[in-house]
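Engineer: Got a structure for you, written out below as structure tokens; questions coming shortly.
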Amino acid sequence: EPEVTQTPSHQVTQMGQEVILRCVPISNHLYFYWYRQILGQKVEFLVSFYNNEISEKSEIFDDQFSVERPDGSNFTLKIRSTKLEDSAMYFCASSDWSDPNEQFFGPGTRLTVL
Amino acid sequence: AQSVTQLGSHVSVSEGALVLLRCNYSSSVPPYLFWYVQYPNQGLQLLLKYTSAATLVKGINGFEAEFKKSETSFHLTKPSAHMSDAAEYFCAVSLSTGNQFYFGTGTSLTVIP
């Protein structure tokens, strides 16, 4: 069964460093999303991406964040200068044009900022 | 503004007992509603969804949920809990296709043998 994959599963970085979280959405999906979950808190929407551009973003997704679909398979989230409060689990999701309501989530990348 | 409230961050039931996980939402327009399950170290798996069709929705693993507009609720139930149901459950709402999801804080379900 097709699934969303994310790499790495765990990323440790120093404050101020740039990180890139990678996602491979399900191959025929057209909508892509990033969410994050700070430990003990709810899953929060960051950004949605469609047709090679951001379709919606939350107030969390400030200038430190960017997304890119560098090729036909990967979808990346970049944090330019990480802060301690960026430590969280980051989930990628994708959905199909035929049923955009059903978002398929990846296993997440746990980002730890020291 | 949209929000989702899950009453009870932790729920314990005995194996074979009824599972009831509560979810209430607030939305300015008719919502789409979802329940996701998260097993340890795994991603979010869709259990079921309501998208303005039948109000009683059946999902995977014997779970079902009923959309009650008058109560703004979408509670998740399962008649008989199984040990494998132990996981974190998230209720979510979206407003239109392809839009962002708003998640509740999650309910951790423990099944006691």
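The way I read the labels, and the way they are meant: chains A, B, ... in the order of the structure tokens, residue 1 as the first residue of every chain, and ligand 1 as the first ligand shown, with later ones counted on from there.
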If DSSP is run on the backbone, what residues of chain B are helix (DSSP H, G or I)? A reply as a PyMOL selection string would be ideal.
Structural biologist: chain B and resi 60-62+69-71+83-85
Engineer: Give me, as a PDB file with N, CA and C atoms, in the first residue's frame, all polymer residues having an atom no more than 9 Å from Leu30 of chain A, counting only C-alpha atoms and skipping those fewer than 3 positions away in the same chain.
Structural biologist:
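Printed below is result29.pdb as written:
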ATOM      1  N   PRO A  25       5.752  12.253  -0.710  1.00  0.00           N
ATOM      2  CA  PRO A  25       4.301  12.006  -0.686  1.00  0.00           C
ATOM      3  C   PRO A  25       3.937  10.804  -1.548  1.00  0.00           C
ATOM      4  N   ILE A  26       2.699  10.376  -1.434  1.00  0.00           N
ATOM      5  CA  ILE A  26       2.207   9.303  -2.286  1.00  0.00           C
ATOM      6  C   ILE A  26       2.236   9.796  -3.736  1.00  0.00           C
ATOM      7  N   SER A  27       2.659   8.938  -4.635  1.00  0.00           N
ATOM      8  CA  SER A  27       3.123   9.378  -5.954  1.00  0.00           C
ATOM      9  C   SER A  27       2.091  10.133  -6.789  1.00  0.00           C
ATOM     10  N   PHE A  49       0.362  23.051   0.140  1.00  0.00           N
ATOM     11  CA  PHE A  49       1.102  23.314  -1.099  1.00  0.00           C
ATOM     12  C   PHE A  49       0.384  22.623  -2.234  1.00  0.00           C
ATOM     13  N   TYR A  50       0.114  23.357  -3.283  1.00  0.00           N
ATOM     14  CA  TYR A  50      -0.590  22.779  -4.427  1.00  0.00           C
ATOM     15  C   TYR A  50      -0.150  23.487  -5.684  1.00  0.00           C
ATOM     16  N   ASN A  51       0.063  22.741  -6.718  1.00  0.00           N
ATOM     17  CA  ASN A  51       0.418  23.322  -8.016  1.00  0.00           C
ATOM     18  C   ASN A  51       1.671  24.205  -7.898  1.00  0.00           C
ATOM     19  N   SER A  94      -0.186  14.140   2.483  1.00  0.00           N
ATOM     20  CA  SER A  94      -0.559  14.405   1.097  1.00  0.00           C
ATOM     21  C   SER A  94      -1.969  13.902   0.860  1.00  0.00           C
ATOM     22  N   SER A  95      -2.608  14.464  -0.153  1.00  0.00           N
ATOM     23  CA  SER A  95      -3.941  14.006  -0.520  1.00  0.00           C
ATOM     24  C   SER A  95      -4.110  14.089  -2.022  1.00  0.00           C
ATOM     25  N   ASP A  96      -5.075  13.304  -2.469  1.00  0.00           N
ATOM     26  CA  ASP A  96      -5.307  13.126  -3.896  1.00  0.00           C
ATOM     27  C   ASP A  96      -6.323  14.146  -4.392  1.00  0.00           C
ATOM     28  N   TRP A  97      -6.299  14.455  -5.659  1.00  0.00           N
ATOM     29  CA  TRP A  97      -7.267  15.383  -6.237  1.00  0.00           C
ATOM     30  C   TRP A  97      -8.685  14.825  -6.116  1.00  0.00           C
ATOM     31  N   PRO A 100      -9.498  15.211  -1.706  1.00  0.00           N
ATOM     32  CA  PRO A 100      -8.542  16.022  -0.946  1.00  0.00           C
ATOM     33  C   PRO A 100      -8.788  15.997   0.557  1.00  0.00           C
TER      34      PRO A 100
END
Engineer: Fewer than 2 positions away in the same chain doesn't count, so skip those; otherwise give me all residues within 8 Å of segment 86-90 of chain A, counting only C-alpha atoms, as a list in words.
Structural biologist: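 Using only C-alpha atoms, the neighbours found are Trp34, Tyr35, Arg36, Gln37, Ile38, Leu39, Thr82, Lys83, Leu84, Cys92, Gly108, Thr109, Arg110, Leu111, Thr112 and Val113 of chain A.
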Engineer: Give me, as a PyMOL selection string, the residues of chain A touching chain B, with the criterion being at most 8 Å (counting only C-alpha atoms).
Structural biologist: chain A and resi 31+41-45+47-48+56+91+95+99-108
Engineer: Please dump the current selection as an mmCIF file, in the first residue's frame; keep C-alpha atoms.
Structural biologist:
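Wrote selection05.cif, looks like this:
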data_model
loop_
_atom_site.group_PDB
_atom_site.id
_atom_site.type_symbol
_atom_site.label_atom_id
_atom_site.label_comp_id
_atom_site.auth_asym_id
_atom_site.auth_seq_id
_atom_site.Cartn_x
_atom_site.Cartn_y
_atom_site.Cartn_z
ATOM 1 C CA TYR A 31 -1.852 18.363 -2.307
ATOM 2 C CA GLN A 41 0.363 19.627 22.517
ATOM 3 C CA LYS A 42 -2.007 19.334 19.610
ATOM 4 C CA VAL A 43 -1.054 18.797 16.002
ATOM 5 C CA GLU A 44 -0.834 22.213 14.315
ATOM 6 C CA PHE A 45 -1.105 23.095 10.668
ATOM 7 C CA VAL A 47 1.382 25.007 5.381
ATOM 8 C CA SER A 48 -0.362 23.499 2.387
ATOM 9 C CA GLU A 56 -2.422 28.319 2.734
ATOM 10 C CA PHE A 91 4.395 15.500 9.979
ATOM 11 C CA SER A 95 -3.941 14.006 -0.520
ATOM 12 C CA ASP A 99 -10.549 13.111 -2.364
ATOM 13 C CA PRO A 100 -8.542 16.022 -0.946
ATOM 14 C CA ASN A 101 -10.289 15.575 2.429
ATOM 15 C CA GLU A 102 -8.387 12.397 3.149
ATOM 16 C CA GLN A 103 -4.896 13.400 4.117
ATOM 17 C CA PHE A 104 -2.350 10.598 4.395
ATOM 18 C CA PHE A 105 0.264 11.285 7.031
ATOM 19 C CA GLY A 106 3.862 10.215 7.224
ATOM 20 C CA PRO A 107 5.482 8.810 10.381
ATOM 21 C CA GLY A 108 6.999 12.153 11.281
#
Engineer: Could you work out how far atom CA of Gly16 of chain A lies from atom CA of Phe75 of chain A, giving the answer in Å with one decimal?
Structural biologist: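 Here the two named atoms are 22.5 Å from each other.
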Engineer: Report, in Å with one decimal, the straight-line distance from atom CA of Lys58 of chain B to atom CA of Ser26 of chain B.
Structural biologist: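 One can read the atom CA of Lys58 of chain B to atom CA of Ser26 of chain B distance as 22.3 Å.
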Engineer: Suppose you want the space between atom CA of Ile20 of chain A and atom CA of Arg80 of chain A; what is it in Å?
Structural biologist: 8.5 Å
Engineer: Rank A:Ser98, A:Ser9, A:Gln17, A:Ser58 by their smallest atom-to-atom distance to Tyr33 of chain A, using only C-alpha atoms, and report the top residue only.
Structural biologist: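 Of A:Ser98, A:Ser9, A:Gln17, A:Ser58, the one nearest Tyr33 of chain A, counting only C-alpha atoms, is A:Ser58.
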Engineer: Set the distance at 9 Å and use only C-alpha atoms: which residues neighbour Pro79 of chain B once local chain neighbours fewer than 3 positions away are removed? I'd like the list as a list in words.
Structural biologist: Gly16, Ala17, Leu18, Val19, Leu20, Gly62 and Phe63 of chain B
Engineer: Atoms to include: C-alpha atoms. Write the selected residues as a PDB file, in the first residue's frame.
Structural biologist:
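And here is the file that came out, part.pdb:
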ATOM      1  CA  GLY B  16     -14.383  -5.996  25.715  1.00  0.00           C
ATOM      2  CA  ALA B  17     -15.943  -2.831  27.103  1.00  0.00           C
ATOM      3  CA  LEU B  18     -17.430   0.042  25.157  1.00  0.00           C
ATOM      4  CA  VAL B  19     -15.022   2.688  23.905  1.00  0.00           C
ATOM      5  CA  LEU B  20     -16.311   6.271  23.847  1.00  0.00           C
ATOM      6  CA  GLY B  62     -14.886  -1.564  14.138  1.00  0.00           C
ATOM      7  CA  PHE B  63     -14.969   2.123  15.032  1.00  0.00           C
TER       8      PHE B  63
END
Engineer: From the DSSP assignment of the backbone, select every residue of chain A that is strand (DSSP E or B), and format the answer as a ChimeraX atom specification.
Structural biologist: /A:5-7,10-13,19-24,31-37,43-50,53-57,65-68,75-79,88-96,99-105,109-113
